[in-house]
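J.: protein-v1.txt is the file, holding compact mmCIF, C-alpha atoms:
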```txt
# COMPACT_ATOMS: atom_id res chain seq x y z
CA MET A 158 -18.58 5.62 23.16
CA GLY A 159 -20.27 2.36 23.96
CA LYS A 160 -18.74 -0.83 25.26
CA LEU A 161 -14.96 -1.34 25.12
CA LEU A 162 -14.38 -4.09 22.56
CA SER A 163 -10.61 -4.42 22.34
CA THR A 164 -7.31 -2.72 23.12
CA HIS A 165 -3.80 -2.73 21.72
CA GLN A 166 -0.73 -1.31 23.42
CA ASP A 167 2.96 -1.08 22.69
CA GLN A 168 5.76 1.15 23.96
CA ASP A 169 4.29 4.57 23.07
CA THR A 170 0.89 3.76 21.57
CA LEU A 171 -2.49 2.82 23.03
CA VAL A 172 -5.48 1.86 20.85
CA MET A 173 -8.94 1.50 22.43
CA ASN A 174 -11.78 0.24 20.25
CA PHE A 175 -15.29 1.02 21.50
CA GLU A 176 -18.59 0.28 19.81
CA ASN A 177 -18.94 3.77 18.33
CA LEU A 178 -15.40 5.09 18.45
CA SER A 179 -11.71 4.18 18.34
CA VAL A 180 -9.30 6.31 20.38
CA ILE A 181 -5.56 6.26 19.64
CA ALA A 182 -3.08 7.87 22.05
CA ILE A 183 0.44 8.30 20.67
CA TYR A 184 3.56 9.81 22.21
CA THR A 185 6.67 10.57 20.18
CA GLU A 186 9.88 11.87 21.66
CA PRO A 187 11.27 15.28 20.63
CA LEU A 188 13.16 15.28 17.32
CA THR A 189 11.68 11.92 16.34
CA PRO A 190 12.11 11.60 12.55
CA ILE A 191 8.88 12.29 10.72
CA GLU A 192 9.26 8.92 9.01
CA ASP A 193 8.98 7.22 12.40
CA ILE A 194 5.92 9.28 13.37
CA ILE A 195 4.12 8.37 10.14
CA GLU A 196 5.04 4.70 10.56
CA THR A 197 3.74 4.72 14.15
CA ILE A 198 0.39 6.24 13.13
CA MET A 199 -0.08 3.88 10.18
CA THR A 200 0.71 0.87 12.39
CA ALA A 201 -1.83 2.00 15.00
CA LEU A 202 -4.53 2.44 12.34
CA ARG A 203 -4.17 -1.24 11.41
CA HIS A 204 -5.77 -2.11 14.75
CA VAL A 205 -8.93 -0.10 13.98
CA ALA A 206 -11.92 -1.51 12.11
CA PRO A 207 -12.66 0.17 8.75
CA GLY A 208 -15.40 2.78 8.73
CA GLN A 209 -14.99 3.52 12.43
CA ASN A 210 -15.00 6.98 14.02
CA ILE A 211 -11.41 7.70 15.09
CA ILE A 212 -9.69 10.20 17.39
CA ILE A 213 -5.88 10.43 17.50
CA ALA A 214 -4.46 12.56 20.29
CA ARG A 215 -1.59 13.23 22.70
CA ASP A 216 1.91 14.71 22.52
CA LEU A 217 3.26 14.14 19.01
CA ASN A 218 6.13 16.63 19.54
CA CYS A 219 5.54 18.02 16.07
CA ARG A 220 5.16 21.79 16.24
CA LEU A 221 2.12 23.24 14.57
CA ASP A 222 2.80 26.88 15.45
CA VAL A 223 5.87 27.23 13.22
CA ALA A 224 6.40 26.29 9.59
CA SER A 225 8.50 23.13 9.37
CA HIS A 226 9.08 20.15 7.13
CA ARG A 227 7.99 17.74 9.89
CA ALA A 228 4.67 19.50 10.46
CA ASN A 229 3.93 19.76 6.73
CA GLU A 230 4.68 16.06 6.18
CA LEU A 231 2.45 15.07 9.11
CA LEU A 232 -0.45 17.30 8.08
CA ASP A 233 -0.23 16.14 4.46
CA MET A 234 -0.33 12.49 5.51
CA MET A 235 -3.23 12.97 7.92
CA THR A 236 -5.20 14.90 5.29
CA GLU A 237 -4.62 12.11 2.79
CA GLU A 238 -5.98 9.64 5.35
CA GLY A 239 -9.14 11.72 5.75
CA PHE A 240 -8.38 13.24 9.17
CA THR A 241 -9.27 16.74 10.36
CA LEU A 242 -7.08 18.71 12.78
CA ALA A 243 -8.91 20.08 15.83
CA ASN A 244 -6.10 22.35 17.03
CA LYS A 245 -5.52 26.01 16.25
CA ALA A 246 -1.87 26.85 15.64
CA ASP A 247 -1.88 30.01 17.77
CA GLU A 248 -3.32 28.27 20.85
CA ARG A 249 -0.13 26.97 22.51
CA THR A 250 -0.27 23.75 24.51
CA TYR A 251 3.27 23.61 25.92
CA PHE A 252 5.07 26.24 28.02
CA ALA A 253 8.67 26.14 29.27
CA HIS A 254 11.50 28.53 30.10
CA SER A 255 12.74 28.19 26.51
CA GLY A 256 9.41 29.19 24.97
CA CYS A 257 6.01 27.83 24.05
CA SER A 258 4.64 25.66 21.25
CA THR A 259 1.62 23.76 19.93
CA ILE A 260 2.58 20.09 20.08
CA ASP A 261 -0.37 18.33 21.79
CA LEU A 262 -2.44 17.59 18.72
CA ILE A 263 -5.89 16.08 18.14
CA PHE A 264 -7.01 14.58 14.82
CA PHE A 265 -10.38 13.00 14.08
CA LYS A 266 -12.28 11.38 11.22
CA GLY A 267 -15.32 9.21 10.65
CA PRO A 268 -18.75 9.16 9.05
CA ASN A 269 -20.56 10.04 12.31
CA ILE A 270 -18.23 12.29 14.29
CA SER A 271 -18.11 16.08 14.43
CA LEU A 272 -16.25 18.58 16.61
CA ASN A 273 -18.48 20.65 18.91
CA ASN A 274 -15.82 22.76 20.60
CA TYR A 275 -12.12 22.85 21.41
CA LYS A 276 -10.09 24.76 23.96
CA VAL A 277 -6.76 24.82 25.75
CA CYS A 278 -7.10 25.33 29.52
CA TYR A 279 -4.92 28.19 30.76
CA THR A 280 -6.55 29.14 34.10
CA ALA A 281 -4.90 28.24 37.40
CA ASP A 282 -7.80 26.00 38.41
CA GLU A 283 -7.60 23.93 35.25
CA THR A 284 -3.89 23.90 34.52
CA PRO A 285 -1.65 21.93 36.91
CA LEU A 286 1.96 22.84 37.61
CA LYS A 287 3.17 21.11 34.47
CA LYS A 288 4.56 22.23 31.14
CA HIS A 289 1.67 20.79 29.15
CA CYS A 290 -1.71 22.52 29.37
CA PRO A 291 -4.85 20.37 29.33
CA VAL A 292 -6.56 20.30 25.96
CA VAL A 293 -10.32 19.72 25.88
CA ALA A 294 -12.14 18.68 22.71
CA ASN A 295 -15.84 17.87 22.73
CA PHE A 296 -17.15 15.67 19.94
CA ARG A 297 -20.65 14.68 18.86
CA ILE A 298 -21.32 11.06 17.89
CA PRO A 299 -24.99 10.15 17.24
CA LYS A 300 -26.54 7.12 18.90
CA VAL A 301 -26.21 3.85 17.05
CA GLU A 302 -29.78 3.89 15.73
CA ASN A 303 -29.24 7.41 14.30
CA ARG A 304 -25.90 6.77 12.68
CA VAL A 305 -25.30 6.82 8.95
CA LYS A 306 -25.23 3.33 7.52
CA ILE A 307 -21.65 2.29 6.82
CA THR A 308 -20.87 0.17 3.80
CA ALA A 309 -19.17 -3.04 4.88
CA THR A 310 -15.52 -3.32 3.94
CA LYS A 311 -13.81 -6.65 3.51
CA THR A 312 -10.82 -7.38 5.68
CA SER A 313 -7.58 -8.54 4.15
CA ARG A 314 -6.52 -12.18 4.32
CA GLN A 315 -3.56 -11.29 6.51
CA LEU A 316 -3.19 -11.88 10.25
CA ASN A 317 -1.18 -9.93 12.78
CA ASN A 318 0.95 -12.86 13.98
CA GLN A 319 2.49 -10.84 16.82
CA LEU A 320 -0.93 -9.92 18.17
CA LEU A 321 -2.11 -13.50 17.70
CA SER A 322 0.78 -14.86 19.77
CA GLN A 323 -0.04 -12.44 22.61
CA LYS A 324 -3.55 -13.82 23.12
CA THR A 325 -2.45 -16.40 25.68
CA SER A 326 -5.70 -16.35 27.66
CA GLU A 327 -7.74 -17.00 24.52
CA TRP A 328 -5.54 -19.93 23.52
CA ARG A 329 -5.76 -21.32 27.05
CA GLU A 330 -9.55 -21.06 26.92
CA PHE A 331 -9.53 -22.82 23.52
CA GLU A 332 -7.41 -25.68 24.91
CA ASN A 333 -9.71 -26.10 27.91
CA HIS A 334 -12.73 -26.44 25.63
CA ILE A 335 -10.90 -29.10 23.62
CA LYS A 336 -10.00 -31.02 26.76
CA GLU A 337 -13.65 -30.85 27.86
CA ASN A 338 -14.76 -32.11 24.42
CA ASP A 339 -16.84 -28.97 23.93
CA ILE A 340 -16.23 -28.54 20.20
CA GLU A 341 -18.84 -25.80 19.76
CA LEU A 342 -17.33 -23.45 22.36
CA ALA A 343 -13.84 -24.29 21.09
CA ALA A 344 -14.85 -23.29 17.55
CA ILE A 345 -16.44 -20.03 18.76
CA THR A 346 -13.32 -19.13 20.79
CA LEU A 347 -11.03 -19.92 17.87
CA GLU A 348 -13.11 -17.83 15.47
CA LYS A 349 -13.16 -14.80 17.80
CA THR A 350 -9.42 -15.07 18.41
CA ILE A 351 -8.61 -15.15 14.71
CA GLN A 352 -11.02 -12.31 13.90
CA SER A 353 -9.45 -10.10 16.58
CA ALA A 354 -6.03 -10.55 14.93
CA MET A 355 -7.15 -9.80 11.37
CA VAL A 356 -5.43 -6.93 9.61
CA TYR A 357 -7.92 -4.28 8.56
CA ASN A 358 -7.35 -1.87 5.71
CA PRO A 359 -8.26 1.61 7.05
CA GLU A 360 -11.02 3.32 5.13
CA ARG A 361 -9.75 5.75 2.55
CA ARG A 362 -11.65 9.06 2.34
CA ALA A 363 -9.49 10.63 -0.33
CA GLN A 364 -10.23 13.40 -2.80
CA LYS A 365 -11.80 12.62 -6.18
CA TRP A 366 -8.46 13.06 -7.92
CA PHE A 367 -6.77 10.53 -5.60
CA ASP A 368 -6.96 7.63 -8.04
CA LYS A 369 -5.45 4.15 -8.40
CA GLU A 370 -2.08 5.56 -9.43
CA CYS A 371 -1.93 7.68 -6.27
CA TYR A 372 -2.81 4.70 -4.09
CA GLY A 373 -0.11 2.61 -5.76
CA LYS A 374 2.55 5.29 -5.34
CA ARG A 375 1.60 5.82 -1.69
CA ARG A 376 1.85 2.08 -1.03
CA THR A 377 5.30 1.99 -2.65
CA THR A 378 6.42 5.05 -0.68
CA LEU A 379 5.27 3.49 2.61
CA GLN A 380 7.15 0.28 1.80
CA VAL A 381 10.30 2.28 1.13
CA LEU A 382 9.68 4.18 4.37
CA HIS A 383 9.51 0.91 6.30
CA THR A 384 12.81 -0.24 4.78
CA ALA A 385 14.54 3.07 5.52
CA ARG A 386 13.23 3.07 9.08
CA SER A 387 14.61 -0.42 9.68
CA SER A 388 18.02 -0.03 8.03
CA ARG A 389 18.74 3.64 8.78
CA SER A 390 21.22 3.55 5.90
CA PRO A 391 21.85 6.87 4.09
CA GLU A 392 21.11 5.20 0.76
CA ASP A 393 17.68 3.96 1.88
CA LEU A 394 16.86 7.32 3.43
CA ARG A 395 17.77 9.09 0.19
CA TYR A 396 15.65 6.61 -1.74
CA TYR A 397 12.72 7.29 0.56
CA SER A 398 13.15 11.08 0.13
CA GLN A 399 13.16 10.60 -3.63
CA ASN A 400 9.99 8.46 -3.54
CA ARG A 401 8.29 10.91 -1.19
CA LYS A 402 9.09 13.79 -3.56
CA GLU A 403 7.77 11.82 -6.55
CA TYR A 404 4.62 11.00 -4.58
CA LYS A 405 3.98 14.63 -3.64
CA ASP A 406 4.66 15.76 -7.24
CA LEU A 407 2.13 13.18 -8.44
CA LEU A 408 -0.49 14.51 -6.02
CA LYS A 409 0.10 18.07 -7.18
CA ALA A 410 -0.24 17.03 -10.81
CA LYS A 411 -3.46 15.09 -10.17
CA ARG A 412 -4.94 17.96 -8.17
CA LYS A 413 -4.01 20.50 -10.85
CA TYR A 414 -5.50 18.33 -13.60
CA MET A 415 -8.78 17.95 -11.68
CA GLU A 416 -8.97 21.72 -11.11
CA GLN A 417 -8.37 22.36 -14.81
CA GLU A 418 -11.10 19.86 -15.76
CA GLU A 419 -13.55 21.47 -13.35
CA THR A 420 -12.75 24.93 -14.72
CA LYS A 421 -13.24 23.64 -18.25
CA MET A 422 -16.57 22.11 -17.25
CA VAL A 423 -17.75 25.44 -15.82
CA GLU A 424 -16.82 27.25 -19.03
CA GLU A 425 -18.58 24.64 -21.15
CA ALA A 426 -21.65 24.81 -18.89
CA LYS A 427 -21.89 28.54 -19.55
CA LYS A 428 -22.19 27.80 -23.27
CA ASP A 429 -24.38 24.71 -22.87
CA PRO A 430 -26.22 24.47 -19.50
CA TYR A 431 -27.24 20.85 -20.16
CA ILE A 432 -23.72 19.51 -20.64
CA ALA A 433 -23.34 18.54 -16.97
CA LEU A 434 -26.35 16.23 -17.28
CA ARG A 435 -24.84 14.20 -20.09
CA PRO A 436 -22.88 11.02 -19.35
CA GLN A 437 -19.13 11.52 -19.09
CA GLU A 438 -18.48 9.12 -21.99
CA LEU A 439 -20.80 11.14 -24.24
CA ARG A 440 -19.12 14.41 -23.29
CA ALA A 441 -15.73 12.92 -24.12
CA ALA A 442 -16.97 11.68 -27.50
CA GLU A 443 -18.39 15.10 -28.36
CA LYS A 444 -14.96 16.65 -28.03
CA TRP A 445 -13.81 14.64 -31.06
CA THR A 446 -16.80 15.39 -33.26
```
What would you get if you wrote out this structure as structure tokens?

T.:
Amino acid sequence: MGKLLSTHQDQDTLVMNFENLSVIAIYTEPLTPIEDIIETIMTALRHVAPGQNIIIARDLNCRLDVASHRANELLDMMTEEGFTLANKADERTYFAHSGCSTIDLIFFKGPNISLNNYKVCYTADETPLKKHCPVVANFRIPKVENRVKITATKTSRQLNNQLLSQKTSEWREFENHIKENDIELAAITLEKTIQSAMVYNPERRAQKWFDKECYGKRRTTLQVLHTARSSRSPEDLRYYSQNRKEYKDLLKAKRKYMEQEETKMVEEAKKDPYIALRPQELRAAEKWT
């Protein structure tokens, strides 16, 4: 994983950023609204540098082994963000007198990370006397010199003011350099402190059909989600449900359109094998001639 570069922690979330990997541990209480779970994950991702390999794990209390609205919403959102689920629905991770379930989930994504193996430990030697069974996932991350080159992504011009105010030791170090008239070290400390509080836009690894309109609608839906989560008013919750439905309908329409275009391209290629080699603009013009 490399050297630990930074950490972020709040009530139920821990983010650890290493040189080659970011690990996010999240716990959500049973029956937590799916809106809150999505908001928690999106907030945690803001503390991860773009293009980084990411693993999200721990007890999300969102059952994977049964069909439910909460699970579908979570899986849809994680897929849209480019994550892959490591779990298998039929391999239960939680056992109690009332039954068993698959709620300890592991998601991962990144340009240089792949899953080698995954298992839930059921034997007496591996499983302690607890309701949750240990889950082991082994990932492969190439060494830095063998990694795929990542295209640099610009950070936004926003700062996480809450995180900035928590860096008391950094500000104290900055003040000491000023008092000692060491302007160079003061400037370096200030720059590092500000950079560590920058808000990063997580890399989007969406499907080809996920275009600008989809991004805009998702941004609007997340803003409405944030408002509904804060106010808890029935009106805001209904408005969020409406926006979420419109967003999902838009995704279905975009996906269907792309599938139809690909099918049409295959049929045209059967008639003219060289059509796929022509520029898209030329193919579009030929339709009108």

J.: Could you jot down the atom CA of Tyr279 of chain A to atom CA of Asn244 of chain A separation for me, Å, one decimal place?

T.: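 One can read the atom CA of Tyr279 of chain A to atom CA of Asn244 of chain A distance as 15.0 Å.
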
J.: Wanna dump the segment 164-221 of chain A-segment 248-267 of chain A contacts at 7 Å for me, each residue with its shortest atom pair and the distance in Å to one decimal, counting only C-alpha atoms, ordered by chain and number, as JSON lines?

T.:
```
{"residue": "A:Gly208", "atom": "CA", "partner": "A:Gly267", "partner_atom": "CA", "distance": 6.7}
{"residue": "A:Gln209", "atom": "CA", "partner": "A:Gly267", "partner_atom": "CA", "distance": 6.0}
{"residue": "A:Asn210", "atom": "CA", "partner": "A:Gly267", "partner_atom": "CA", "distance": 4.1}
{"residue": "A:Ile211", "atom": "CA", "partner": "A:Lys266", "partner_atom": "CA", "distance": 5.4}
{"residue": "A:Ile212", "atom": "CA", "partner": "A:Phe265", "partner_atom": "CA", "distance": 4.4}
{"residue": "A:Ile213", "atom": "CA", "partner": "A:Phe264", "partner_atom": "CA", "distance": 5.1}
{"residue": "A:Ala214", "atom": "CA", "partner": "A:Ile263", "partner_atom": "CA", "distance": 4.4}
{"residue": "A:Arg215", "atom": "CA", "partner": "A:Asp261", "partner_atom": "CA", "distance": 5.3}
{"residue": "A:Asp216", "atom": "CA", "partner": "A:Asp261", "partner_atom": "CA", "distance": 4.3}
{"residue": "A:Leu217", "atom": "CA", "partner": "A:Ile260", "partner_atom": "CA", "distance": 6.1}
{"residue": "A:Asn218", "atom": "CA", "partner": "A:Ile260", "partner_atom": "CA", "distance": 5.0}
{"residue": "A:Cys219", "atom": "CA", "partner": "A:Ile260", "partner_atom": "CA", "distance": 5.4}
{"residue": "A:Arg220", "atom": "CA", "partner": "A:Ile260", "partner_atom": "CA", "distance": 4.9}
{"residue": "A:Leu221", "atom": "CA", "partner": "A:Thr259", "partner_atom": "CA", "distance": 5.4}
```

J.: Expressed in Å to a single decimal, how great is the separation between atom CA of Gln417 of chain A and atom CA of Leu231 of chain A?

T.: 27.2 Å

J.: For segment 323-332 of chain A, work out the shell of residues within 10 Å, counting only C-alpha atoms and skipping chain neighbours fewer than 6 positions away, then give it as a ChimeraX atom specification.

T.: /A:338-340,342-347,349-351,353-354

J.: What separation in Å, quoted to one decimal, exists between atom CA of Arg227 of chain A and atom CA of Asp193 of chain A?

T.: 10.9 Å

J.: What's the 8 Å shell around Asp393 of chain A, counting all atoms listed in the file, without same-chain residues fewer than 6 positions away, as a VMD selection string?

T.: chain A and resid 381 384 to 385

J.: Counting all atoms listed in the file, which residue out of A:Val223, A:Lys365, A:Asn317, A:Asn333 sits closest to His165 of chain A?

T.: A:Asn317

J.: Between A:Val172, A:Asn177, A:Thr377, A:Ala182, which one has atoms that come closest to Arg297 of chain A, using all atoms listed in the file?

T.: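 Looking at the shortest contact to Arg297 of chain A, the residue is A:Asn177.
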
J.: Which of these residues is nearest to Phe367 of chain A, using all atoms listed in the file: A:Lys288, A:Glu237, A:Glu230, A:Lys428?

T.: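 For Phe367 of chain A, the nearest of the candidates is A:Glu237.
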
J.: Which residue, A:Ser388, A:Tyr275, A:Ile191, A:Arg395, has the smallest gap to Asn229 of chain A when you use only C-alpha atoms?

T.: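 Among the listed residues, the smallest separation from Asn229 of chain A belongs to A:Ile191.
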
J.: Have a look at A:Leu379, A:Leu232, A:Leu316, A:Leu272 and name the one nearest to Met355 of chain A; count only C-alpha atoms.

T.: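 For Met355 of chain A, the nearest of the given residues is A:Leu316.
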
J.: Taking the structure I provided as the source, export segment 312-341 of chain A with N, CA, C and O atoms, as an mmCIF file, in the first residue's frame.

T.:
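And here's decode.cif as it stands now:
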```cif
data_model
loop_
_atom_site.group_PDB
_atom_site.id
_atom_site.type_symbol
_atom_site.label_atom_id
_atom_site.label_comp_id
_atom_site.auth_asym_id
_atom_site.auth_seq_id
_atom_site.Cartn_x
_atom_site.Cartn_y
_atom_site.Cartn_z
ATOM 1 N N THR A 312 -7.879 19.643 -9.459
ATOM 2 C CA THR A 312 -8.740 19.738 -8.292
ATOM 3 C C THR A 312 -9.664 20.927 -8.468
ATOM 4 O O THR A 312 -9.434 21.818 -9.278
ATOM 5 N N SER A 313 -10.738 20.942 -7.689
ATOM 6 C CA SER A 313 -11.635 22.085 -7.738
ATOM 7 C C SER A 313 -11.005 23.241 -6.974
ATOM 8 O O SER A 313 -9.987 23.094 -6.308
ATOM 9 N N ARG A 314 -11.614 24.400 -7.052
ATOM 10 C CA ARG A 314 -11.108 25.568 -6.342
ATOM 11 C C ARG A 314 -11.749 25.714 -4.966
ATOM 12 O O ARG A 314 -11.694 26.776 -4.358
ATOM 13 N N GLN A 315 -12.355 24.650 -4.486
ATOM 14 C CA GLN A 315 -13.015 24.678 -3.192
ATOM 15 C C GLN A 315 -12.123 24.062 -2.123
ATOM 16 O O GLN A 315 -11.287 23.215 -2.399
ATOM 17 N N LEU A 316 -12.318 24.524 -0.886
ATOM 18 C CA LEU A 316 -11.593 23.988 0.262
ATOM 19 C C LEU A 316 -12.589 23.428 1.264
ATOM 20 O O LEU A 316 -13.693 23.949 1.424
ATOM 21 N N ASN A 317 -12.170 22.367 1.931
ATOM 22 C CA ASN A 317 -12.968 21.806 3.012
ATOM 23 C C ASN A 317 -12.639 22.606 4.280
ATOM 24 O O ASN A 317 -11.661 22.340 4.975
ATOM 25 N N ASN A 318 -13.461 23.621 4.564
ATOM 26 C CA ASN A 318 -13.172 24.530 5.674
ATOM 27 C C ASN A 318 -13.159 23.811 7.021
ATOM 28 O O ASN A 318 -12.384 24.160 7.916
ATOM 29 N N GLN A 319 -14.021 22.814 7.167
ATOM 30 C CA GLN A 319 -14.053 22.067 8.430
ATOM 31 C C GLN A 319 -12.741 21.315 8.645
ATOM 32 O O GLN A 319 -12.173 21.332 9.745
ATOM 33 N N LEU A 320 -12.258 20.671 7.589
ATOM 34 C CA LEU A 320 -10.995 19.954 7.683
ATOM 35 C C LEU A 320 -9.847 20.929 7.904
ATOM 36 O O LEU A 320 -8.916 20.645 8.667
ATOM 37 N N LEU A 321 -9.915 22.090 7.266
ATOM 38 C CA LEU A 321 -8.865 23.097 7.408
ATOM 39 C C LEU A 321 -8.770 23.604 8.846
ATOM 40 O O LEU A 321 -7.678 23.817 9.381
ATOM 41 N N SER A 322 -9.932 23.775 9.493
ATOM 42 C CA SER A 322 -9.932 24.274 10.870
ATOM 43 C C SER A 322 -9.426 23.236 11.863
ATOM 44 O O SER A 322 -9.011 23.577 12.972
ATOM 45 N N GLN A 323 -9.441 21.950 11.477
ATOM 46 C CA GLN A 323 -8.996 20.889 12.378
ATOM 47 C C GLN A 323 -7.478 20.708 12.375
ATOM 48 O O GLN A 323 -6.939 20.010 13.226
ATOM 49 N N LYS A 324 -6.794 21.321 11.447
ATOM 50 C CA LYS A 324 -5.346 21.143 11.329
ATOM 51 C C LYS A 324 -4.615 22.108 12.270
ATOM 52 O O LYS A 324 -3.849 22.984 11.841
ATOM 53 N N THR A 325 -4.845 21.936 13.547
ATOM 54 C CA THR A 325 -4.267 22.842 14.554
ATOM 55 C C THR A 325 -2.752 22.732 14.620
ATOM 56 O O THR A 325 -2.056 23.736 14.763
ATOM 57 N N SER A 326 -2.221 21.507 14.507
ATOM 58 C CA SER A 326 -0.766 21.347 14.595
ATOM 59 C C SER A 326 -0.067 22.011 13.411
ATOM 60 O O SER A 326 1.003 22.614 13.568
ATOM 61 N N GLU A 327 -0.687 21.921 12.228
ATOM 62 C CA GLU A 327 -0.095 22.558 11.051
ATOM 63 C C GLU A 327 -0.092 24.076 11.186
ATOM 64 O O GLU A 327 0.905 24.736 10.854
ATOM 65 N N TRP A 328 -1.192 24.627 11.705
ATOM 66 C CA TRP A 328 -1.249 26.085 11.884
ATOM 67 C C TRP A 328 -0.257 26.540 12.956
ATOM 68 O O TRP A 328 0.350 27.616 12.853
ATOM 69 N N ARG A 329 -0.081 25.716 13.993
ATOM 70 C CA ARG A 329 0.879 26.050 15.039
ATOM 71 C C ARG A 329 2.303 26.040 14.478
ATOM 72 O O ARG A 329 3.126 26.916 14.789
ATOM 73 N N GLU A 330 2.579 25.052 13.624
ATOM 74 C CA GLU A 330 3.893 24.979 12.981
ATOM 75 C C GLU A 330 4.121 26.200 12.084
ATOM 76 O O GLU A 330 5.212 26.779 12.041
ATOM 77 N N PHE A 331 3.062 26.599 11.359
ATOM 78 C CA PHE A 331 3.155 27.775 10.477
ATOM 79 C C PHE A 331 3.463 29.033 11.291
ATOM 80 O O PHE A 331 4.334 29.842 10.910
ATOM 81 N N GLU A 332 2.783 29.198 12.432
ATOM 82 C CA GLU A 332 3.008 30.377 13.274
ATOM 83 C C GLU A 332 4.427 30.395 13.838
ATOM 84 O O GLU A 332 5.054 31.464 13.938
ATOM 85 N N ASN A 333 4.937 29.225 14.205
ATOM 86 C CA ASN A 333 6.303 29.161 14.741
ATOM 87 C C ASN A 333 7.334 29.580 13.690
ATOM 88 O O ASN A 333 8.306 30.284 14.005
ATOM 89 N N HIS A 334 7.115 29.157 12.445
ATOM 90 C CA HIS A 334 8.031 29.567 11.380
ATOM 91 C C HIS A 334 7.990 31.083 11.164
ATOM 92 O O HIS A 334 9.027 31.707 10.913
ATOM 93 N N ILE A 335 6.809 31.655 11.280
ATOM 94 C CA ILE A 335 6.671 33.114 11.127
ATOM 95 C C ILE A 335 7.425 33.838 12.247
ATOM 96 O O ILE A 335 8.149 34.820 12.011
ATOM 97 N N LYS A 336 7.238 33.329 13.472
ATOM 98 C CA LYS A 336 7.910 33.964 14.607
ATOM 99 C C LYS A 336 9.430 33.867 14.479
ATOM 100 O O LYS A 336 10.160 34.750 14.942
ATOM 101 N N GLU A 337 9.896 32.769 13.861
ATOM 102 C CA GLU A 337 11.337 32.574 13.684
ATOM 103 C C GLU A 337 11.856 33.246 12.410
ATOM 104 O O GLU A 337 13.029 33.087 12.055
ATOM 105 N N ASN A 338 10.976 33.969 11.715
ATOM 106 C CA ASN A 338 11.336 34.671 10.476
ATOM 107 C C ASN A 338 11.824 33.721 9.384
ATOM 108 O O ASN A 338 12.623 34.097 8.525
ATOM 109 N N ASP A 339 11.347 32.485 9.429
ATOM 110 C CA ASP A 339 11.708 31.506 8.402
ATOM 111 C C ASP A 339 10.568 31.475 7.375
ATOM 112 O O ASP A 339 9.660 30.631 7.421
ATOM 113 N N ILE A 340 10.608 32.405 6.425
ATOM 114 C CA ILE A 340 9.527 32.569 5.466
ATOM 115 C C ILE A 340 9.404 31.360 4.540
ATOM 116 O O ILE A 340 8.298 30.945 4.171
ATOM 117 N N GLU A 341 10.544 30.761 4.186
ATOM 118 C CA GLU A 341 10.513 29.631 3.256
ATOM 119 C C GLU A 341 9.772 28.433 3.849
ATOM 120 O O GLU A 341 8.891 27.860 3.208
#
```
